[in-house]
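See below for protein.cif, which holds mmCIF, C-alpha atoms.
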data_coords
#
loop_
_atom_site.group_PDB
_atom_site.id
_atom_site.type_symbol
_atom_site.label_atom_id
_atom_site.label_comp_id
_atom_site.auth_asym_id
_atom_site.auth_seq_id
_atom_site.Cartn_x
_atom_site.Cartn_y
_atom_site.Cartn_z
ATOM 1 C CA MET A 730 -0.165 8.860 -16.237
ATOM 2 C CA LEU A 731 -0.587 5.298 -17.441
ATOM 3 C CA THR A 732 -4.102 3.949 -16.958
ATOM 4 C CA ARG A 733 -5.128 0.301 -16.996
ATOM 5 C CA ARG A 734 -6.910 0.890 -20.302
ATOM 6 C CA HIS A 735 -3.682 2.174 -21.852
ATOM 7 C CA PHE A 736 -1.570 -0.452 -20.098
ATOM 8 C CA ILE A 737 -3.409 -3.355 -21.737
ATOM 9 C CA ALA A 738 -2.389 -3.698 -25.397
ATOM 10 C CA THR A 739 -4.536 -1.045 -27.074
ATOM 11 C CA GLY A 740 -5.191 -2.979 -30.273
ATOM 12 C CA PHE A 741 -5.975 -6.169 -28.359
ATOM 13 C CA ALA A 742 -8.354 -4.323 -26.039
ATOM 14 C CA ALA A 743 -10.170 -2.740 -28.971
ATOM 15 C CA LEU A 744 -10.689 -6.116 -30.632
ATOM 16 C CA THR A 745 -11.774 -8.103 -27.594
ATOM 17 C CA PRO A 746 -12.739 -5.861 -24.678
ATOM 18 C CA SER A 747 -14.534 -8.614 -22.782
ATOM 19 C CA ALA A 748 -11.470 -10.852 -22.921
ATOM 20 C CA VAL A 749 -9.270 -8.112 -21.484
ATOM 21 C CA LEU A 750 -11.680 -6.552 -19.012
ATOM 22 C CA GLY A 751 -13.744 -9.614 -18.113
ATOM 23 C CA HIS A 752 -12.387 -9.953 -14.582
ATOM 24 C CA ALA A 753 -11.988 -6.284 -13.742
ATOM 25 C CA GLY A 754 -13.507 -5.064 -10.528
ATOM 26 C CA LEU A 755 -15.543 -8.133 -9.680
ATOM 27 C CA PRO A 756 -16.032 -9.425 -6.177
ATOM 28 C CA HIS A 757 -14.770 -12.858 -7.126
ATOM 29 C CA LYS A 758 -17.230 -15.615 -6.293
ATOM 30 C CA SER A 759 -15.290 -18.569 -7.663
ATOM 31 C CA LEU A 760 -11.754 -19.762 -8.242
ATOM 32 C CA GLU A 761 -12.412 -19.511 -11.987
ATOM 33 C CA THR A 762 -12.958 -15.729 -11.920
ATOM 34 C CA MET A 763 -9.835 -15.110 -9.846
ATOM 35 C CA ARG A 764 -7.501 -17.423 -11.747
ATOM 36 C CA ALA A 765 -4.253 -15.740 -12.883
ATOM 37 C CA ARG A 766 -3.754 -15.459 -16.620
ATOM 38 C CA ASP A 767 -1.349 -14.202 -19.255
ATOM 39 C CA VAL A 768 -2.372 -11.012 -21.077
ATOM 40 C CA GLU A 769 -1.081 -8.821 -23.871
ATOM 41 C CA ILE A 770 0.059 -5.363 -22.804
ATOM 42 C CA ARG A 771 1.780 -2.449 -24.491
ATOM 43 C CA ASP A 772 5.221 -3.333 -25.841
ATOM 44 C CA ASP A 773 6.852 -0.314 -24.217
ATOM 45 C CA VAL A 774 6.147 -1.310 -20.584
ATOM 46 C CA GLU A 775 9.366 -2.198 -18.770
ATOM 47 C CA VAL A 776 9.971 -5.924 -18.259
ATOM 48 C CA ASP A 777 10.358 -7.174 -14.660
ATOM 49 C CA THR A 778 8.060 -4.528 -13.208
ATOM 50 C CA ILE A 779 4.794 -4.898 -11.300
ATOM 51 C CA HIS A 780 1.843 -2.598 -11.975
ATOM 52 C CA VAL A 781 -0.990 -2.285 -9.437
ATOM 53 C CA PHE A 782 -4.459 -1.046 -10.426
ATOM 54 C CA PRO A 783 -6.444 -0.969 -7.144
ATOM 55 C CA ASP A 784 -9.666 0.208 -8.800
ATOM 56 C CA TYR A 785 -9.647 -2.955 -10.944
ATOM 57 C CA PHE A 786 -8.411 -5.289 -8.195
ATOM 58 C CA SER A 787 -5.565 -6.459 -10.399
ATOM 59 C CA ILE A 788 -1.799 -6.437 -10.647
ATOM 60 C CA TYR A 789 0.410 -7.213 -13.619
ATOM 61 C CA HIS A 790 3.879 -8.717 -13.520
ATOM 62 C CA VAL A 791 5.546 -7.826 -16.831
ATOM 63 C CA ARG A 792 7.477 -10.916 -17.921
ATOM 64 C CA ALA A 793 8.382 -10.110 -21.545
ATOM 65 C CA PRO A 794 7.887 -7.222 -23.962
ATOM 66 C CA GLY A 795 4.134 -6.986 -24.534
ATOM 67 C CA ARG A 796 3.304 -9.832 -22.102
ATOM 68 C CA ALA A 797 2.286 -9.835 -18.442
ATOM 69 C CA ARG A 798 0.804 -12.185 -15.894
ATOM 70 C CA GLU A 799 -2.428 -10.743 -14.466
ATOM 71 C CA TYR A 800 -3.342 -11.530 -10.870
ATOM 72 C CA HIS A 801 -6.548 -10.605 -9.102
ATOM 73 C CA VAL A 802 -6.147 -9.060 -5.681
ATOM 74 C CA ALA A 803 -7.789 -7.525 -2.658
ATOM 75 C CA VAL A 804 -6.656 -3.999 -1.848
ATOM 76 C CA GLY A 805 -6.982 -1.467 0.938
ATOM 77 C CA ASP A 806 -10.112 0.359 1.901
ATOM 78 C CA ASP A 807 -10.534 3.694 0.130
ATOM 79 C CA GLY A 808 -7.756 6.064 1.124
ATOM 80 C CA ARG A 809 -5.444 3.324 2.429
ATOM 81 C CA ASN A 810 -3.793 2.251 -0.817
ATOM 82 C CA LEU A 811 -0.194 3.055 -1.594
ATOM 83 C CA ARG A 812 0.372 5.211 -4.679
ATOM 84 C CA GLY A 813 3.420 5.811 -6.799
ATOM 85 C CA THR A 814 6.635 3.882 -7.248
ATOM 86 C CA THR A 815 8.199 1.530 -4.718
ATOM 87 C CA VAL A 816 10.817 -1.225 -4.856
ATOM 88 C CA ILE A 817 10.764 -4.748 -3.471
ATOM 89 C CA LYS A 818 13.700 -4.889 -1.043
ATOM 90 C CA ARG A 819 12.801 -8.022 0.917
ATOM 91 C CA LYS A 820 10.941 -11.287 0.340
ATOM 92 C CA GLU A 821 9.827 -13.889 2.905
ATOM 93 C CA GLU A 822 8.285 -17.347 2.774
ATOM 94 C CA TRP A 823 5.653 -17.939 5.488
ATOM 95 C CA PRO A 824 6.454 -14.511 7.018
ATOM 96 C CA SER A 825 5.680 -13.454 10.547
ATOM 97 C CA TRP A 826 3.295 -10.524 10.908
ATOM 98 C CA THR A 827 2.910 -7.616 13.297
ATOM 99 C CA PRO A 828 0.099 -5.073 12.854
ATOM 100 C CA THR A 829 1.177 -1.463 12.469
ATOM 101 C CA GLN A 830 0.543 1.037 15.253
ATOM 102 C CA ASN A 831 -2.100 2.664 13.038
ATOM 103 C CA MET A 832 -3.935 -0.657 12.685
ATOM 104 C CA ILE A 833 -3.885 -1.166 16.459
ATOM 105 C CA ARG A 834 -5.075 2.411 17.051
ATOM 106 C CA ARG A 835 -7.909 2.098 14.483
ATOM 107 C CA GLU A 836 -9.134 -1.340 15.536
ATOM 108 C CA PRO A 837 -7.714 -2.290 18.946
ATOM 109 C CA GLN A 838 -10.282 -5.072 19.454
ATOM 110 C CA THR A 839 -8.963 -6.817 16.332
ATOM 111 C CA TYR A 840 -5.241 -6.062 16.369
ATOM 112 C CA ALA A 841 -4.023 -5.318 19.923
ATOM 113 C CA LYS A 842 -3.668 -9.018 20.769
ATOM 114 C CA TYR A 843 -1.086 -9.307 17.949
ATOM 115 C CA ALA A 844 1.000 -6.281 19.000
ATOM 116 C CA ASP A 845 3.974 -8.577 19.683
ATOM 117 C CA GLY A 846 3.565 -10.325 16.346
ATOM 118 C CA MET A 847 2.257 -13.583 14.948
ATOM 119 C CA PRO A 848 4.486 -16.359 13.602
ATOM 120 C CA GLY A 849 4.209 -17.411 9.982
ATOM 121 C CA GLY A 850 1.800 -20.180 9.079
ATOM 122 C CA PRO A 851 -1.464 -20.930 7.291
ATOM 123 C CA ASP A 852 -3.545 -18.599 9.521
ATOM 124 C CA ASN A 853 -1.122 -15.668 9.326
ATOM 125 C CA PRO A 854 -2.621 -12.611 7.541
ATOM 126 C CA LEU A 855 0.420 -12.371 5.221
ATOM 127 C CA GLY A 856 -0.230 -15.862 3.905
ATOM 128 C CA ALA A 857 2.359 -18.047 2.219
ATOM 129 C CA ARG A 858 4.673 -15.338 0.846
ATOM 130 C CA ALA A 859 5.307 -11.612 1.259
ATOM 131 C CA MET A 860 7.216 -9.040 -0.775
ATOM 132 C CA TYR A 861 8.063 -5.869 1.141
ATOM 133 C CA LEU A 862 7.709 -2.479 -0.562
ATOM 134 C CA TYR A 863 10.253 0.272 0.093
ATOM 135 C CA ARG A 864 10.471 3.882 -1.032
ATOM 136 C CA GLY A 865 13.659 5.897 -0.717
ATOM 137 C CA GLY A 866 15.266 3.068 1.264
ATOM 138 C CA ARG A 867 12.484 3.079 3.897
ATOM 139 C CA ASP A 868 9.933 0.356 4.540
ATOM 140 C CA THR A 869 6.497 1.657 3.526
ATOM 141 C CA MET A 870 4.803 -1.011 5.713
ATOM 142 C CA TYR A 871 2.926 -2.098 2.573
ATOM 143 C CA ARG A 872 3.288 -5.607 1.187
ATOM 144 C CA ILE A 873 2.305 -7.751 -1.747
ATOM 145 C CA HIS A 874 1.327 -10.958 0.022
ATOM 146 C CA GLY A 875 -0.871 -14.018 0.184
ATOM 147 C CA THR A 876 -3.994 -14.375 2.278
ATOM 148 C CA PRO A 877 -5.735 -17.139 4.214
ATOM 149 C CA GLN A 878 -8.997 -15.409 3.152
ATOM 150 C CA PRO A 879 -9.273 -15.965 -0.630
ATOM 151 C CA TRP A 880 -12.920 -14.836 -0.608
ATOM 152 C CA THR A 881 -11.655 -11.244 -0.130
ATOM 153 C CA ILE A 882 -10.115 -11.143 -3.629
ATOM 154 C CA GLY A 883 -11.827 -8.454 -5.705
ATOM 155 C CA GLN A 884 -12.660 -6.306 -2.685
ATOM 156 C CA ALA A 885 -11.278 -3.269 -0.852
ATOM 157 C CA VAL A 886 -10.937 -4.751 2.621
ATOM 158 C CA SER A 887 -7.405 -4.445 3.925
ATOM 159 C CA SER A 888 -5.350 -1.791 5.650
ATOM 160 C CA GLY A 889 -3.655 -1.139 2.335
ATOM 161 C CA CYS A 890 -1.593 -4.177 1.399
ATOM 162 C CA ILE A 891 -2.100 -6.022 -1.859
ATOM 163 C CA ARG A 892 -3.428 -9.548 -1.230
ATOM 164 C CA LEU A 893 -3.317 -12.452 -3.646
ATOM 165 C CA THR A 894 -4.551 -15.980 -3.086
ATOM 166 C CA ASN A 895 -1.839 -18.126 -1.534
ATOM 167 C CA ASP A 896 -1.624 -20.157 -4.766
ATOM 168 C CA ASP A 897 -1.065 -16.983 -6.805
ATOM 169 C CA VAL A 898 1.524 -15.476 -4.455
ATOM 170 C CA ILE A 899 3.405 -18.797 -4.438
ATOM 171 C CA GLU A 900 3.441 -18.667 -8.271
ATOM 172 C CA LEU A 901 4.469 -14.980 -8.418
ATOM 173 C CA TYR A 902 7.124 -15.054 -5.676
ATOM 174 C CA PRO A 903 9.980 -16.898 -7.468
ATOM 175 C CA ASN A 904 9.492 -14.742 -10.575
ATOM 176 C CA VAL A 905 10.067 -11.467 -8.719
ATOM 177 C CA LYS A 906 13.581 -10.300 -7.944
ATOM 178 C CA ILE A 907 14.802 -8.089 -5.123
ATOM 179 C CA GLY A 908 14.912 -4.618 -6.692
ATOM 180 C CA THR A 909 11.724 -5.070 -8.768
ATOM 181 C CA LYS A 910 9.956 -1.767 -9.340
ATOM 182 C CA VAL A 911 6.277 -1.665 -8.302
ATOM 183 C CA ILE A 912 4.057 1.118 -9.644
ATOM 184 C CA SER A 913 0.673 1.682 -7.993
ATOM 185 C CA TYR A 914 -1.871 3.728 -9.955
ATOM 186 C CA ARG A 915 -5.034 5.556 -8.892
#
How does this structure look as structure tokens?
Amino acid sequence: MLTRRHFIATGFAALTPSAVLGHAGLPHKSLETMRARDVEIRDDVEVDTIHVFPDYFSIYHVRAPGRAREYHVAVGDDGRNLRGTTVIKRKEEWPSWTPTQNMIRREPQTYAKYADGMPGGPDNPLGARAMYLYRGGRDTMYRIHGTPQPWTIGQAVSSGCIRLTNDDVIELYPNVKIGTKVISYR
């Protein structure tokens, strides 16, 4: 299994571990610590894939051999994160949102009022953009999406989706194609 340590270019990581790991796992307190950046990765990682490392609150969009864009994210509470390989089958700008039945059952005081959905907009939990993850042709109900709550980046706070700042998801969105493979590690 590929780990984040082995995903990041091994030689680069050995030479400058603080440069590679400097943002890992932090509850981000400023825009500076959550700013997306380009990083060196192993040359053999497939281009046009996304790799999710929930324990490090980061995802990587592989844009060229040996190069990826690193984004800092919020992830699901322990036990709610998606694992394995999925595919992006749908993308939406300013998507509408409806909580899952599990979310309503777990926290009815928070989610029941949205059972019929919420239109897209700046207060919508999916933020400015959403990419929908499918496995075996079925919607997993997990998303890579923006958030109107950027202070959550670097924390395990959601029902399992992968949240980026709205600025970061707006940057990532046009660079991701329908059919992009997403691999989530644990």
Per residue of segment 776-819 of chain A within 6 Å of segment 865-883 of chain A, record the nearest atom pair and its distance in Å to one decimal, counting only C-alpha atoms, with rows in chain order and ascending residue number, as a tab-separated table.
residue	atom	partner	partner_atom	distance
A:Phe786	CA	A:Gly883	CA	5.3
A:Val802	CA	A:Ile882	CA	4.9
A:Ala803	CA	A:Ile882	CA	4.4
message = Residues within 6 Å of Arg771 of chain A, please, as number ranges by chain. Count only C-alpha atoms; anything in the same chain fewer than 3 positions from it doesn't count.
response = A: 736-738, 774, 795
Using all atoms listed in the file, find each residue in segment 774-892 of chain A having at least one atom no more than 6 Å away from segment 897-912 of chain A; report its shortest atom-to-atom pair and that distance in Å (one decimal), rows by chain then rising number, as a tab-separated table.
residue	atom	partner	partner_atom	distance
A:Thr778	CA	A:Lys910	CA	5.1
A:Ile779	CA	A:Val911	CA	4.7
A:His780	CA	A:Ile912	CA	4.9
A:Gly813	CA	A:Ile912	CA	5.5
A:Thr814	CA	A:Ile912	CA	4.5
A:Thr815	CA	A:Val911	CA	5.2
A:Val816	CA	A:Lys910	CA	4.6
A:Ile817	CA	A:Gly908	CA	5.3
A:Lys818	CA	A:Ile907	CA	5.3
A:Gly875	CA	A:Val898	CA	5.4
key: Expected residue set, 7 Å radius at (-3.4, -2.9, 2.8), only C-alpha atoms, as a PyMOL selection string   = chain A and resi 804-805+809-810+871+887-891
Sel. within 7 Å of pt (-5.4, -12.7, -18.6), counting only C-alpha atoms, output as a compact mmCIF listing (two decimals) with C-alpha atoms, keeping the file's coordinate frame:
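So point.txt came out as:
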# COMPACT_ATOMS: atom_id res chain seq x y z
CA VAL A 749 -9.27 -8.11 -21.48
CA ALA A 765 -4.25 -15.74 -12.88
CA ARG A 766 -3.75 -15.46 -16.62
CA ASP A 767 -1.35 -14.20 -19.26
CA VAL A 768 -2.37 -11.01 -21.08
CA ARG A 798 0.80 -12.18 -15.89
CA GLU A 799 -2.43 -10.74 -14.47
inquiry  = as a list in words, please: the residues near segment 838-850 of chain A (cut-off 9 Å, only C-alpha atoms, same-chain neighbours under 4 positions excluded).
reply    = Glu822, Trp823, Pro824, Ser825, Trp826, Thr827, Pro828, Thr829, Gln830, Met832, Ile833, Arg834, Pro854, Leu855, Gly856 and Ala857 of chain A
Kindly save the residues from that selection, with C-alpha atoms included, as a PDB file, keeping the file's coordinate frame.
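Generated output (out-v3.pdb):
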ATOM      1  CA  GLU A 822       8.285 -17.347   2.774  1.00  0.00           C
ATOM      2  CA  TRP A 823       5.653 -17.939   5.488  1.00  0.00           C
ATOM      3  CA  PRO A 824       6.454 -14.511   7.018  1.00  0.00           C
ATOM      4  CA  SER A 825       5.680 -13.454  10.547  1.00  0.00           C
ATOM      5  CA  TRP A 826       3.295 -10.524  10.908  1.00  0.00           C
ATOM      6  CA  THR A 827       2.910  -7.616  13.297  1.00  0.00           C
ATOM      7  CA  PRO A 828       0.099  -5.073  12.854  1.00  0.00           C
ATOM      8  CA  THR A 829       1.177  -1.463  12.469  1.00  0.00           C
ATOM      9  CA  GLN A 830       0.543   1.037  15.253  1.00  0.00           C
ATOM     10  CA  MET A 832      -3.935  -0.657  12.685  1.00  0.00           C
ATOM     11  CA  ILE A 833      -3.885  -1.166  16.459  1.00  0.00           C
ATOM     12  CA  ARG A 834      -5.075   2.411  17.051  1.00  0.00           C
ATOM     13  CA  PRO A 854      -2.621 -12.611   7.541  1.00  0.00           C
ATOM     14  CA  LEU A 855       0.420 -12.371   5.221  1.00  0.00           C
ATOM     15  CA  GLY A 856      -0.230 -15.862   3.905  1.00  0.00           C
ATOM     16  CA  ALA A 857       2.359 -18.047   2.219  1.00  0.00           C
TER      17      ALA A 857
END
task = Work out how far apart atom CA of Asp852 of chain A and atom CA of Arg764 of chain A are and give it in Å to one decimal.
result = 21.7 Å
key: Among the residues A:Leu893, A:Val886, A:Ala797, A:Ile788, the one that comes closest to Ile770 of chain A [using all atoms listed in the file]   = A:Ala797
remark   = Here atom CA of Asp806 of chain A and atom CA of Asp777 of chain A stand apart by 27.4 Å
ask   = By how many Å are atom CA of Tyr861 of chain A and atom CA of Arg892 of chain A apart?
value = 12.3 Å
Of the listed residues A:Arg796, A:His801, A:Arg819, A:Arg812, that which approaches Leu862 of chain A most closely, counting all atoms listed in the file =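 Using all atoms listed in the file, Leu862 of chain A sits closest to A:Arg819.
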